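Participant: The file below is work.cif, mmCIF, C-alpha atoms:
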```cif
data_run
loop_
_atom_site.label_atom_id
_atom_site.label_comp_id
_atom_site.auth_asym_id
_atom_site.auth_seq_id
_atom_site.Cartn_x
_atom_site.Cartn_y
_atom_site.Cartn_z
CA MET M 30 0.00 0.00 0.00
CA LYS M 31 1.38 3.40 -0.99
CA LYS M 32 2.02 5.79 1.89
CA PHE M 33 1.45 8.90 -0.22
CA ARG M 34 -1.95 9.08 -1.93
CA THR M 35 -0.72 11.31 -4.75
CA THR M 36 2.70 12.13 -6.19
CA GLU M 37 3.31 14.33 -9.23
CA VAL M 38 6.79 14.32 -10.80
CA SER M 39 7.99 16.74 -13.49
CA ASN M 40 8.76 15.47 -16.99
CA PRO M 41 12.57 15.11 -17.40
CA LYS M 42 12.18 16.42 -20.96
CA TYR M 43 11.46 19.89 -19.59
CA ASN M 44 13.69 20.01 -16.50
CA ALA M 45 15.66 23.26 -16.29
CA GLU M 46 19.35 23.44 -15.32
CA GLY M 47 19.23 19.81 -14.19
CA LEU M 48 16.46 20.53 -11.66
CA SER M 49 13.36 18.37 -11.40
CA PHE M 50 10.27 18.81 -9.25
CA ILE M 51 8.01 16.64 -7.10
CA THR M 52 4.70 17.59 -5.51
CA VAL M 53 3.37 15.06 -3.03
CA LYS M 54 0.41 14.80 -0.69
CA SER M 55 1.59 14.18 2.88
CA LYS M 56 -0.46 13.35 5.96
CA ASN M 57 2.08 15.28 8.02
CA LEU M 58 1.23 18.42 6.04
CA ASN M 59 -2.48 17.67 5.69
CA GLY M 60 -1.92 18.61 2.06
CA ARG M 61 0.76 18.90 -0.59
CA GLY M 62 4.46 19.64 -0.29
CA ASP M 63 7.04 20.55 -2.94
CA ILE M 64 10.51 19.12 -3.46
CA VAL M 65 13.15 20.22 -5.98
CA ILE M 66 15.95 17.77 -6.77
CA SER M 67 19.26 17.91 -8.64
CA LYS M 68 20.62 14.53 -9.69
CA PRO M 69 24.29 13.88 -10.51
CA ALA M 70 25.24 12.89 -14.04
CA GLY M 71 25.52 9.20 -14.87
CA SER M 72 23.87 6.20 -13.27
CA LYS M 73 24.92 5.18 -9.81
CA GLN M 74 23.51 2.96 -7.06
CA ASP M 75 23.22 4.01 -3.41
CA ILE M 76 23.62 7.70 -4.29
CA PRO M 77 24.36 9.82 -1.19
CA VAL M 78 21.71 12.45 -0.52
CA ILE M 79 21.95 15.98 0.90
CA ILE M 80 18.73 17.63 2.11
CA PHE M 81 18.81 21.45 2.13
CA LEU M 82 16.36 23.34 4.37
CA HIS M 83 15.48 26.91 3.42
CA GLY M 84 14.77 29.81 5.76
CA VAL M 85 11.72 32.00 6.38
CA TYR M 86 9.85 33.51 3.43
CA GLY M 87 11.32 30.92 1.06
CA SER M 88 10.32 27.59 -0.48
CA ALA M 89 11.73 24.57 -2.28
CA TRP M 90 13.27 26.69 -5.04
CA SER M 91 15.16 29.05 -2.71
CA TRP M 92 18.44 27.18 -2.27
CA PRO M 93 19.09 26.36 -5.95
CA LEU M 94 17.76 29.57 -7.45
CA CYS M 95 19.20 32.00 -4.88
CA SER M 96 22.60 30.37 -4.34
CA GLY M 97 23.14 28.24 -7.43
CA VAL M 98 24.46 25.49 -5.17
CA HIS M 99 23.50 22.80 -7.68
CA MET M 100 25.67 24.53 -10.29
CA GLN M 101 28.58 24.82 -7.86
CA VAL M 102 28.33 21.11 -7.09
CA LYS M 103 28.11 20.19 -10.79
CA LYS M 104 31.30 22.14 -11.58
CA MET M 105 33.21 20.41 -8.78
CA GLN M 106 31.93 17.00 -9.86
CA GLN M 107 33.02 17.68 -13.44
CA LYS M 108 36.50 18.45 -12.09
CA LYS M 109 36.28 15.17 -10.15
CA VAL M 110 37.07 16.89 -6.86
CA LEU M 111 33.65 16.05 -5.36
CA PRO M 112 31.80 12.70 -5.37
CA PRO M 113 28.26 12.42 -6.77
CA PHE M 114 25.47 13.67 -4.50
CA LEU M 115 21.73 13.90 -5.00
CA LEU M 116 20.68 17.38 -3.85
CA VAL M 117 17.18 17.62 -2.35
CA PHE M 118 15.42 20.91 -1.66
CA PRO M 119 12.07 20.48 0.13
CA SER M 120 9.66 23.23 1.09
CA ASP M 121 9.14 23.74 4.83
CA GLY M 122 5.40 23.15 4.49
CA LEU M 123 4.67 26.78 3.57
CA TRP M 124 2.98 27.71 6.85
CA GLY M 125 2.98 31.44 7.67
CA ASP M 126 6.34 33.16 7.27
CA GLY M 127 7.98 29.84 8.11
CA SER M 128 7.00 26.54 9.70
CA GLY M 129 10.02 26.32 12.01
CA TYR M 130 10.33 22.65 11.02
CA VAL M 131 8.49 21.67 14.21
CA PRO M 132 5.00 20.22 14.81
CA HIS M 133 2.25 22.77 15.50
CA ASP M 134 -1.28 23.78 14.52
CA GLY M 135 -2.19 20.26 13.44
CA TYR M 136 0.81 19.79 11.14
CA ASP M 137 4.07 17.92 11.69
CA PHE M 138 6.70 19.84 9.76
CA GLU M 139 9.51 17.91 11.47
CA LYS M 140 8.28 14.50 10.31
CA TRP M 141 7.66 15.92 6.83
CA ILE M 142 11.42 16.50 6.58
CA ALA M 143 12.77 13.61 8.66
CA GLU M 144 10.42 10.86 7.48
CA ASP M 145 8.45 11.83 4.38
CA VAL M 146 11.15 13.49 2.29
CA PRO M 147 13.67 10.59 2.49
CA GLU M 148 10.94 8.07 1.68
CA ILE M 149 9.62 10.13 -1.23
CA ILE M 150 13.14 10.38 -2.66
CA MET M 151 13.74 6.63 -2.33
CA GLN M 152 10.41 5.92 -4.06
CA ASN M 153 10.90 8.35 -6.95
CA VAL M 154 14.63 8.65 -7.70
CA ASN M 155 16.49 5.74 -9.28
CA GLY M 156 19.73 4.98 -7.49
CA VAL M 157 18.62 6.15 -4.04
CA THR M 158 18.26 3.15 -1.76
CA LYS M 159 18.16 2.26 1.91
CA LYS M 160 21.95 1.97 1.64
CA SER M 161 22.27 5.61 0.53
CA LYS M 162 23.83 7.91 3.10
CA PHE M 163 21.73 10.94 4.04
CA PHE M 164 23.02 14.35 5.13
CA ILE M 165 21.12 17.51 6.10
CA THR M 166 21.97 21.20 6.13
CA GLY M 167 20.08 24.49 6.19
CA LEU M 168 20.23 28.23 6.67
CA SER M 169 18.62 30.43 9.35
CA MET M 170 15.32 28.72 10.26
CA GLY M 171 16.52 25.86 8.08
CA GLY M 172 19.74 25.75 10.07
CA PHE M 173 17.66 25.25 13.21
CA GLY M 174 15.75 22.46 11.48
CA ALA M 175 18.85 20.77 10.11
CA MET M 176 20.82 20.90 13.35
CA LYS M 177 17.89 19.71 15.45
CA ILE M 178 16.67 17.02 13.06
CA GLY M 179 20.25 15.89 12.34
CA ALA M 180 20.90 15.42 16.05
CA LYS M 181 17.53 13.82 16.82
CA TYR M 182 17.31 11.47 13.83
CA ASN M 183 20.87 10.23 14.17
CA ARG M 184 20.06 6.80 12.76
CA LEU M 185 19.19 8.38 9.41
CA PHE M 186 21.66 11.24 9.02
CA THR M 187 25.38 10.49 8.70
CA ALA M 188 26.35 14.14 9.36
CA PHE M 189 24.65 17.53 9.53
CA SER M 190 25.37 21.25 9.43
CA GLY M 191 23.87 24.70 9.79
CA HIS M 192 24.56 28.15 8.34
CA SER M 193 23.56 31.33 10.22
CA SER M 194 21.25 29.13 12.26
CA ILE M 195 18.45 30.04 14.58
CA THR M 196 19.56 28.24 17.75
CA ASN M 197 16.37 28.60 19.79
CA LEU M 198 12.77 28.97 18.62
CA GLN M 199 12.50 32.22 20.60
CA GLN M 200 14.53 33.76 17.77
CA MET M 201 11.68 33.15 15.31
CA LYS M 202 10.17 36.42 16.56
CA LEU M 203 13.02 38.24 14.78
CA PHE M 204 11.64 37.09 11.43
CA THR M 205 7.95 36.18 11.55
CA GLU M 206 4.69 37.98 12.20
CA GLU M 207 3.14 34.80 13.58
CA GLY M 208 3.34 34.60 17.38
CA LEU M 209 5.73 32.37 19.29
CA GLN M 210 2.77 30.41 20.69
CA HIS M 211 2.60 28.62 17.35
CA TYR M 212 6.23 27.49 17.47
CA LEU M 213 7.22 26.83 21.08
CA GLN M 214 7.13 23.16 22.03
CA GLU M 215 5.94 21.68 25.31
CA ASN M 216 9.28 19.94 25.85
CA GLU M 217 11.95 22.66 26.18
CA ILE M 218 14.52 20.34 24.57
CA ASP M 219 12.62 20.65 21.30
CA ASN M 220 12.94 24.45 21.34
CA ASP M 221 16.71 24.54 21.50
CA VAL M 222 19.53 23.22 19.29
CA PHE M 223 22.02 22.78 22.14
CA LYS M 224 19.56 20.96 24.37
CA THR M 225 18.63 18.62 21.52
CA ILE M 226 22.29 17.88 20.81
CA LEU M 227 22.98 17.36 24.52
CA ALA M 228 20.03 14.96 24.83
CA ASN M 229 21.55 12.91 22.00
CA LYS M 230 25.18 13.37 23.04
CA ASN M 231 26.01 9.66 23.12
CA LYS M 232 24.66 9.09 19.60
CA ILE M 233 25.57 12.39 17.98
CA ARG M 234 26.91 12.30 14.43
CA PRO M 235 29.63 14.64 13.09
CA PHE M 236 28.41 18.20 12.57
CA ARG M 237 29.58 21.69 11.74
CA PHE M 238 28.06 25.15 11.66
CA ASP M 239 29.12 28.66 10.73
CA CYS M 240 27.86 32.22 10.91
CA GLY M 241 28.74 35.63 9.55
CA MET M 242 30.22 38.06 12.05
CA SER M 243 27.74 40.77 10.96
CA ASP M 244 24.77 38.43 11.28
CA LEU M 245 22.01 39.25 13.77
CA LEU M 246 22.30 35.61 14.95
CA TYR M 247 26.09 35.69 15.36
CA ASN M 248 26.10 35.96 19.15
CA ASP M 249 23.62 33.10 19.42
CA ASN M 250 25.81 30.89 17.25
CA LEU M 251 28.88 31.94 19.21
CA GLN M 252 27.09 30.98 22.42
CA LEU M 253 26.13 27.60 20.94
CA GLY M 254 29.78 26.95 20.18
CA GLN M 255 30.75 27.84 23.74
CA GLN M 256 28.04 25.58 25.16
CA LEU M 257 29.27 22.67 23.05
CA ILE M 258 32.85 23.20 24.21
CA ALA M 259 31.73 23.31 27.86
CA ALA M 260 29.77 20.07 27.33
CA ASP M 261 32.78 18.44 25.61
CA ILE M 262 30.80 17.71 22.43
CA PRO M 263 33.00 17.46 19.31
CA HIS M 264 32.00 19.91 16.58
CA ILE M 265 33.30 22.46 14.09
CA PHE M 266 32.27 26.11 14.38
CA GLU M 267 33.59 28.74 12.01
CA ASP M 268 32.86 32.43 11.60
CA PHE M 269 33.47 34.57 8.56
CA LYS M 270 32.82 38.06 7.27
CA GLY M 271 29.24 38.57 6.18
CA GLY M 272 25.66 38.95 7.29
CA HIS M 273 22.32 37.18 7.11
CA GLU M 274 22.21 37.13 3.32
CA TRP M 275 22.40 34.96 0.23
CA ALA M 276 25.86 36.28 -0.69
CA TYR M 277 27.17 34.67 2.51
CA TRP M 278 25.34 31.35 2.07
CA GLU M 279 26.32 31.07 -1.60
CA LYS M 280 29.96 31.54 -0.63
CA HIS M 281 30.07 29.10 2.28
CA ILE M 282 27.63 26.28 1.48
CA MET M 283 30.40 24.27 -0.19
CA ARG M 284 32.13 23.98 3.19
CA SER M 285 29.25 21.80 4.35
CA ILE M 286 29.19 19.75 1.17
CA ARG M 287 32.93 19.06 1.35
CA PHE M 288 32.46 18.21 5.04
CA PHE M 289 29.78 15.65 4.11
CA ALA M 290 32.02 14.19 1.39
CA GLY M 291 34.48 13.27 4.14
CA TYR M 292 31.94 10.83 5.61
CA LEU M 293 31.15 8.76 2.52
#
```
Take the structure I supplied and represent it as structure tokens, if you would.
Facilitator:
Amino acid sequence: MKKFRTTEVSNPKYNAEGLSFITVKSKNLNGRGDIVISKPAGSKQDIPVIIFLHGVYGSAWSWPLCSGVHMQVKKMQQKKVLPPFLLVFPSDGLWGDGSGYVPHDGYDFEKWIAEDVPEIIMQNVNGVTKKSKFFITGLSMGGFGAMKIGAKYNRLFTAFSGHSSITNLQQMKLFTEEGLQHYLQENEIDNDVFKTILANKNKIRPFRFDCGMSDLLYNDNLQLGQQLIAADIPHIFEDFKGGHEWAYWEKHIMRSIRFFAGYL
């Protein structure tokens, strides 16, 4: 029995810049969700997969069409300095200014990413199997989702990362007009990246994160790094020039992809 009642996949004949599109009905969304994918050239079994989570105001198209990350990856693969990866860009569920990638208001935006998206990809993309390694990254709100989901679903994700990440759901008020009552979870662990990582300390997978020194979330990311050091949790934190902007994410996303390549 199929888990997803309907799935619509774009015709490869008309795919643009190597991007293809999937729209699927998900019980976790109580409706449809969009996924953009970029598949490496050539046929390959057990293709490793990177899931990219966008930030507030965005959607499935944001990562590829605002950073050109799929084009960066393609160039490096052509030079044979990067192994093949399937790049997966799901929407966050398109709730309000941003879903937060947490369950609320009758939707489960966390399970949409952690459970539905991998299964949809395995069902619809040749070469992705249960043996494929999965990685997850994101920016801003998507950084929160990637860091939290990567730590929590450590059986699925081989490594994870975040860029300019929200580190606590309280920071959603900096970006959204929807009130915090929609986002804050009953269990405080689920509101906070550090507390989620700490709760999974014994099973944590390799991870890295970075932030621009002019970013409004810089001090929060700096604090996260200090908390991880104090808790003796191995990690990589880097800071660079730049703010909360696509120019920064376009420049530094390859650091995460090269990091993931080290765990294949």
Participant: Taking 5 positions as the minimum chain separation for residues in the same chain, which residues sit within 8 Å of M:Leu209 when counting all atoms listed in the file? Answer as a list in words.
Facilitator: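 That gives Leu198, Gln199, Met201 and Lys202 of chain M.
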Participant: Which neighbours of stretch 269-278 of chain M fall inside 10 Å, counting all atoms listed in the file, when residues of the same chain fewer than 2 positions from it are skipped, and could you give them as number ranges by chain?
Facilitator: M: 91-92, 95-96, 98, 167-169, 192-194, 239-247, 267, 280-283
Participant: When you count all atoms listed in the file, which of these residues is closest to M:Asn250: M:Pro235, M:Gly62, M:Gly208, M:Gly191?
Facilitator: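 Closest residue, counting all atoms listed in the file: M:Gly191.
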Participant: Name the closest residue to M:Asn153 among the candidates M:Ile51, M:Leu111, M:Ile76, M:Met105; distances are taken between atoms, counting all atoms listed in the file.
Facilitator: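 With all atoms listed in the file as the atom set, the closest residue is M:Ile51.
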Participant: I want to know what sits within 10 Å of M:Lys73, based on all atoms listed in the file, with residues of the same chain fewer than 2 positions away left out; could you give that as a PDB file with C-alpha atoms, in the coordinates of the input?
Facilitator:
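And here is the file that came out, part16.pdb:
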```pdb
ATOM      1  CA  PRO M  69      24.290  13.880 -10.510  1.00  0.00           C
ATOM      2  CA  ALA M  70      25.240  12.890 -14.040  1.00  0.00           C
ATOM      3  CA  GLY M  71      25.520   9.200 -14.870  1.00  0.00           C
ATOM      4  CA  ASP M  75      23.220   4.010  -3.410  1.00  0.00           C
ATOM      5  CA  ILE M  76      23.620   7.700  -4.290  1.00  0.00           C
ATOM      6  CA  PRO M  77      24.360   9.820  -1.190  1.00  0.00           C
ATOM      7  CA  PRO M 113      28.260  12.420  -6.770  1.00  0.00           C
ATOM      8  CA  ASN M 155      16.490   5.740  -9.280  1.00  0.00           C
ATOM      9  CA  GLY M 156      19.730   4.980  -7.490  1.00  0.00           C
ATOM     10  CA  VAL M 157      18.620   6.150  -4.040  1.00  0.00           C
TER      11      VAL M 157
END
```
Participant: Kindly complete stretch 217-228 of chain M to N, CA and C atoms; the output should be written as a short mmCIF file (atom, residue, chain, number, x, y, z; two decimals), in the frame of the given file.
Facilitator:
```cif
data_model
loop_
_atom_site.label_atom_id
_atom_site.label_comp_id
_atom_site.auth_asym_id
_atom_site.auth_seq_id
_atom_site.Cartn_x
_atom_site.Cartn_y
_atom_site.Cartn_z
N GLU M 217 10.98 21.60 26.43
CA GLU M 217 11.95 22.66 26.18
C GLU M 217 13.11 22.18 25.32
N ILE M 218 13.43 20.89 25.39
CA ILE M 218 14.52 20.34 24.57
C ILE M 218 14.25 20.61 23.09
N ASP M 219 12.98 20.51 22.70
CA ASP M 219 12.62 20.65 21.30
C ASP M 219 12.63 22.09 20.81
N ASN M 220 12.85 23.03 21.71
CA ASN M 220 12.94 24.45 21.34
C ASN M 220 14.36 24.91 21.09
N ASP M 221 15.34 24.07 21.40
CA ASP M 221 16.71 24.54 21.50
C ASP M 221 17.69 23.57 20.84
N VAL M 222 18.56 24.07 19.99
CA VAL M 222 19.53 23.22 19.29
C VAL M 222 20.50 22.57 20.28
N PHE M 223 21.06 23.35 21.20
CA PHE M 223 22.02 22.78 22.14
C PHE M 223 21.40 21.70 22.99
N LYS M 224 20.21 21.95 23.51
CA LYS M 224 19.56 20.96 24.37
C LYS M 224 19.22 19.68 23.61
N THR M 225 18.89 19.81 22.33
CA THR M 225 18.63 18.62 21.52
C THR M 225 19.92 17.84 21.30
N ILE M 226 21.00 18.55 20.99
CA ILE M 226 22.29 17.88 20.81
C ILE M 226 22.73 17.21 22.10
N LEU M 227 22.57 17.91 23.22
CA LEU M 227 22.98 17.36 24.52
C LEU M 227 22.18 16.10 24.85
N ALA M 228 20.88 16.11 24.55
CA ALA M 228 20.03 14.96 24.83
C ALA M 228 20.42 13.74 23.99
#
```
